[in-house]
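Written below as structure tokens is the structure these notes are about.
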Amino acid sequence: MRWLLVLPGLGGNADQLGWFAAAMAQWGWSVVVLQHPGSDGPALRAALDGQGPTPGASSLAIRLRDVQAVLEAHRRGQLPLPGKGVVLVGHSLGGLTALLAAGMVPAPGLAGRCSRAIARLPLGNPSRLLQCELATTGAPAALAPLGDLRALLLFNSFGSLLWPDGIRSVPPLPLLMTGGSLDLVTPPLEEQLQLFLPALDPRSRLVLVEGGSHFSPVRMEARQEAVLQLGQDLVGVDPTAVQAQLLGLSGAFLESLERPLLLPVQERSQQGVRVFVLDAAAARRWRDLLSR
């Protein structure tokens with residue numbers, strides 16, 4: 001059994017992914033959820049109040065050090081968790097953090113790609129503004145090779161300008177990427193689909209949620225004060241129904257790491273939410289159909 005290290009997105013707190021961690025723990029997985037000071041909810045609130053800098057891609061170096069500290073604590077026995085090998089789980093910027101932690105180095109020519117993307121006013125894909133920050137600040141230093149890394153599970157991740165030909169890992173890692181059709185921050189066809197296409201491990205899957213949004217994986221308790229008041233157009237279909245789908249598919253993907261049982265390519269509906277589960281071949285067919 002592997003253990004899971006969960007990385008929230010920009011402005012996200014650990015408790016917002018607590019629903020996922022709690023369910024995984026009930027299924028027998030050991031789970032650690034990070035809180036990233038400097039790019040979490042309090043940091044974003046301080047920036048909105050004019051009390052601090054706006055967190056962005058520059059926080060990736062700190063986030064990678066957070067990941068490294070947890071992994072080193074586990075290796076030294078200071079974080080005694082059962083399980084051999086870690087699965088990195090990330091939402092949005094947490095997903096990008098996971099990709100960088102896994103050793104994915106941005107492809108050469110980022111500055112030129114960013115110049116062309118910014119000239120087209122990337123209002124339909126604001127994640128490209130974050131990616132292009134790295135053209136100025138430079139990519140953070142890579143972590144030491146994570147020999148115990150077993151897979152990546154990424155909710156609404158991005159990186160189309162960093163890896164225009166998609167992400168490839170050596171050796172190939174099992175990868176589960178998810179995206180929503182109403183994601184206005186990391187559009188799934190430009191981001192998740194493009195990144196996923198070179199997936200080499202046969203266990204890798206891309207999950208597209210009809211009516212899902214960038215914020216579908218985030219759960220805010222009613223008693224919590226939201227940093228941003230999001231309308232229904234941004235939230236998408238009932239997030240708890242989307243989360244139920246993501247939870248089941250995540251569990252099936254993680255099971256494929258333990259047993260020779262693949263998550264089937266399929267279309268399925270649950271609680272009024274329809275999802276499409278694609279392997280690399282099916283994802284290429286989708287790309288070809290959409291590009292006509």
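Following the order of the structure tokens, first chain is A, next is B, and so on, with residues numbered from 1 inside each chain and ligands from 1 in the order they appear.
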
Give me, as a Markdown table, the closest atom pair and its distance (Å, one decimal) for every residue of stretch 163-226 of chain A within a cut-off of 8 Å of stretch 236-254 of chain A, counting only C-alpha atoms, rows sorted by chain and rising number.
```
| residue | atom | partner | partner_atom | distance |
| --- | --- | --- | --- | --- |
| A:Leu176 | CA | A:Phe253 | CA | 7.2 |
| A:Leu182 | CA | A:Gly236 | CA | 6.4 |
| A:Arg203 | CA | A:Phe253 | CA | 7.6 |
| A:Val209 | CA | A:Val242 | CA | 7.6 |
| A:Gly211 | CA | A:Val237 | CA | 5.4 |
| A:Gly212 | CA | A:Gly236 | CA | 5.4 |
| A:Ser213 | CA | A:Gly236 | CA | 5.2 |
| A:Phe215 | CA | A:Pro239 | CA | 7.8 |
| A:Ser216 | CA | A:Pro239 | CA | 4.8 |
| A:Pro217 | CA | A:Gln243 | CA | 6.0 |
| A:Val218 | CA | A:Pro239 | CA | 7.8 |
| A:Arg219 | CA | A:Pro239 | CA | 7.6 |
```

> Leaving out stretch 29-41 of chain A and any residue of its chain fewer than 5 positions from it, which residues lie within 8 Å of it when counting only C-alpha atoms, given as a list in words?
Replying inline: Met1, Arg2, Trp3, Leu4, Leu5, Val6, Leu7, Pro8, Gly9, Leu10, Gly11, Gly12, Asn13, Ala14, Leu17, Gly18, Ala21, Met24, Pro55, Gly56, Ser59, Arg63, Asp66, Leu81, Pro82, Gly83 and Val227 of chain A

Contact residues around A:Pro172 with only C-alpha atoms at 9 Å, ignoring same-chain residues under 6 positions, as a PDB file with N, CA, C and O atoms, in the first residue's frame:
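That gives us around30.pdb:
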```
ATOM      1  N   ALA A 199       1.058  10.160 -22.453  1.00  0.00           N
ATOM      2  CA  ALA A 199       1.078   9.206 -21.348  1.00  0.00           C
ATOM      3  C   ALA A 199       1.486   7.812 -21.832  1.00  0.00           C
ATOM      4  O   ALA A 199       0.873   7.261 -22.753  1.00  0.00           O
ATOM      5  N   LEU A 200       2.496   7.241 -21.215  1.00  0.00           N
ATOM      6  CA  LEU A 200       3.057   5.973 -21.667  1.00  0.00           C
ATOM      7  C   LEU A 200       2.658   4.796 -20.786  1.00  0.00           C
ATOM      8  O   LEU A 200       2.558   3.668 -21.269  1.00  0.00           O
ATOM      9  N   ASP A 201       2.464   5.038 -19.499  1.00  0.00           N
ATOM     10  CA  ASP A 201       2.110   3.938 -18.617  1.00  0.00           C
ATOM     11  C   ASP A 201       0.675   3.496 -18.913  1.00  0.00           C
ATOM     12  O   ASP A 201      -0.231   4.331 -18.973  1.00  0.00           O
TER      13      ASP A 201
END
```

> What does the distance between atom CA of A:Ala107 and atom CA of A:Gly95 come to in Å, to one decimal place?
Replying inline: 17.5 Å

> What are the DSSP alpha helix (DSSP H) residues of stretch 45-283 of chain A, as a PyMOL selection string?
Replying inline: chain A and resi 45-48+60-75+93-101+110-119+127-137+192-196+232-235+239-258+280-283

Please write the residues from the selection above to a file, keeping C-alpha atoms, as an mmCIF file, in the first residue's frame.
```cif
data_model
loop_
_atom_site.group_PDB
_atom_site.id
_atom_site.type_symbol
_atom_site.label_atom_id
_atom_site.label_comp_id
_atom_site.auth_asym_id
_atom_site.auth_seq_id
_atom_site.Cartn_x
_atom_site.Cartn_y
_atom_site.Cartn_z
ATOM 1 C CA ARG A 45 -6.550 37.081 2.034
ATOM 2 C CA ALA A 46 -3.622 39.288 3.083
ATOM 3 C CA ALA A 47 -2.901 40.118 -0.565
ATOM 4 C CA LEU A 48 -6.550 41.060 -1.175
ATOM 5 C CA LEU A 60 6.674 27.138 -6.326
ATOM 6 C CA ALA A 61 10.210 27.055 -4.943
ATOM 7 C CA ILE A 62 8.855 27.247 -1.382
ATOM 8 C CA ARG A 63 6.212 24.642 -2.166
ATOM 9 C CA LEU A 64 8.866 22.256 -3.468
ATOM 10 C CA ARG A 65 10.860 22.714 -0.274
ATOM 11 C CA ASP A 66 7.702 21.880 1.695
ATOM 12 C CA VAL A 67 7.337 18.664 -0.291
ATOM 13 C CA GLN A 68 10.996 17.826 0.186
ATOM 14 C CA ALA A 69 10.778 18.401 3.949
ATOM 15 C CA VAL A 70 7.863 15.986 4.294
ATOM 16 C CA LEU A 71 9.521 13.313 2.143
ATOM 17 C CA GLU A 72 12.785 13.606 4.069
ATOM 18 C CA ALA A 73 10.947 13.369 7.384
ATOM 19 C CA HIS A 74 9.314 10.176 6.151
ATOM 20 C CA ARG A 75 12.640 8.698 5.033
ATOM 21 C CA LEU A 93 -0.962 24.826 -8.593
ATOM 22 C CA GLY A 94 -0.570 21.823 -6.308
ATOM 23 C CA GLY A 95 -0.674 19.669 -9.425
ATOM 24 C CA LEU A 96 2.007 21.789 -11.063
ATOM 25 C CA THR A 97 4.043 21.464 -7.860
ATOM 26 C CA ALA A 98 3.691 17.689 -8.085
ATOM 27 C CA LEU A 99 4.885 17.663 -11.703
ATOM 28 C CA LEU A 100 7.959 19.718 -10.845
ATOM 29 C CA ALA A 101 8.624 17.560 -7.782
ATOM 30 C CA LEU A 110 9.310 29.202 -22.587
ATOM 31 C CA ALA A 111 9.920 32.936 -23.022
ATOM 32 C CA GLY A 112 9.049 32.807 -26.727
ATOM 33 C CA ARG A 113 5.939 30.720 -26.133
ATOM 34 C CA CYS A 114 4.842 33.138 -23.433
ATOM 35 C CA SER A 115 5.412 36.155 -25.647
ATOM 36 C CA ARG A 116 3.105 34.688 -28.272
ATOM 37 C CA ALA A 117 0.515 33.575 -25.703
ATOM 38 C CA ILE A 118 0.370 36.944 -23.929
ATOM 39 C CA ALA A 119 0.011 38.735 -27.266
ATOM 40 C CA SER A 127 -3.239 29.722 -15.912
ATOM 41 C CA ARG A 128 -0.911 30.822 -18.699
ATOM 42 C CA LEU A 129 -0.213 34.034 -16.802
ATOM 43 C CA LEU A 130 1.078 31.950 -13.886
ATOM 44 C CA GLN A 131 3.126 29.777 -16.220
ATOM 45 C CA CYS A 132 4.699 32.830 -17.806
ATOM 46 C CA GLU A 133 5.840 34.129 -14.434
ATOM 47 C CA LEU A 134 8.404 31.335 -14.621
ATOM 48 C CA ALA A 135 9.793 32.833 -17.842
ATOM 49 C CA THR A 136 10.888 35.777 -15.687
ATOM 50 C CA THR A 137 11.681 34.154 -12.342
ATOM 51 C CA GLN A 192 -5.168 18.504 -19.113
ATOM 52 C CA LEU A 193 -5.752 16.905 -22.543
ATOM 53 C CA GLN A 194 -2.626 18.409 -24.062
ATOM 54 C CA LEU A 195 -0.465 17.393 -21.107
ATOM 55 C CA PHE A 196 -1.872 13.875 -20.966
ATOM 56 C CA GLN A 232 -22.733 29.204 -9.864
ATOM 57 C CA ASP A 233 -21.095 29.862 -13.246
ATOM 58 C CA LEU A 234 -17.701 29.361 -11.614
ATOM 59 C CA VAL A 235 -18.662 26.543 -9.264
ATOM 60 C CA PRO A 239 -19.393 19.982 -6.249
ATOM 61 C CA THR A 240 -20.246 17.168 -3.823
ATOM 62 C CA ALA A 241 -21.638 15.105 -6.715
ATOM 63 C CA VAL A 242 -18.474 15.770 -8.743
ATOM 64 C CA GLN A 243 -16.352 14.876 -5.731
ATOM 65 C CA ALA A 244 -18.182 11.568 -5.374
ATOM 66 C CA GLN A 245 -17.238 10.714 -8.961
ATOM 67 C CA LEU A 246 -13.637 11.833 -8.497
ATOM 68 C CA LEU A 247 -13.367 9.842 -5.295
ATOM 69 C CA GLY A 248 -14.530 6.596 -6.863
ATOM 70 C CA LEU A 249 -12.279 6.990 -9.887
ATOM 71 C CA SER A 250 -9.298 7.981 -7.739
ATOM 72 C CA GLY A 251 -9.800 4.882 -5.621
ATOM 73 C CA ALA A 252 -9.968 2.670 -8.713
ATOM 74 C CA PHE A 253 -6.806 4.283 -10.103
ATOM 75 C CA LEU A 254 -4.939 3.759 -6.832
ATOM 76 C CA GLU A 255 -6.068 0.141 -6.765
ATOM 77 C CA SER A 256 -4.444 -0.304 -10.176
ATOM 78 C CA LEU A 257 -1.102 0.505 -8.512
ATOM 79 C CA GLU A 258 -1.527 -2.430 -6.147
ATOM 80 C CA ALA A 280 -3.950 7.689 -24.191
ATOM 81 C CA ALA A 281 -5.492 6.224 -27.361
ATOM 82 C CA ALA A 282 -8.981 7.520 -26.539
ATOM 83 C CA ALA A 283 -7.548 10.928 -25.620
#
```

>> Need to verify the contact set: A:Gly85, 6 Å, only C-alpha atoms, exclusion of same-chain residues closer than 4 positions in sequence. Can you return it as a VMD selection string?
In response: chain A and resid 2 148 to 150

Keeping only N, CA and C atoms, take the residues you just selected and write them out as a PDB file, in the first residue's frame.
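As a result, out-v6.pdb now contains:
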```pdb
ATOM      1  N   ARG A   2       0.607   2.176  -0.920  1.00  0.00           N
ATOM      2  CA  ARG A   2       1.361   3.435  -0.984  1.00  0.00           C
ATOM      3  C   ARG A   2       0.775   4.419   0.031  1.00  0.00           C
ATOM      4  N   ASP A 148      11.141   6.937  -4.551  1.00  0.00           N
ATOM      5  CA  ASP A 148       9.976   6.266  -3.985  1.00  0.00           C
ATOM      6  C   ASP A 148       8.662   6.808  -4.541  1.00  0.00           C
ATOM      7  N   LEU A 149       8.718   7.651  -5.588  1.00  0.00           N
ATOM      8  CA  LEU A 149       7.501   8.181  -6.197  1.00  0.00           C
ATOM      9  C   LEU A 149       6.877   7.106  -7.079  1.00  0.00           C
ATOM     10  N   ARG A 150       5.577   6.825  -6.844  1.00  0.00           N
ATOM     11  CA  ARG A 150       4.923   5.735  -7.554  1.00  0.00           C
ATOM     12  C   ARG A 150       3.885   6.203  -8.568  1.00  0.00           C
TER      13      ARG A 150
END
```

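Using only C-alpha atoms, the smallest distance between any of A:Leu161, A:Ala25, A:Ala57, A:Ala102 and A:Val87 comes from A:Ala102.
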
> What are the DSSP strand (DSSP E or B) residues of stretch 58-257 of chain A, as a PyMOL selection string?
Replying inline: chain A and resi 86-91+149-155+175-180+205-209

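Between atom CA of A:Ala151 and atom CA of A:Gly28 the separation is 17.3 Å.
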
> atom CA of A:Leu261 and atom CA of A:Gly147 are how many Å apart?
Replying inline: 23.5 Å
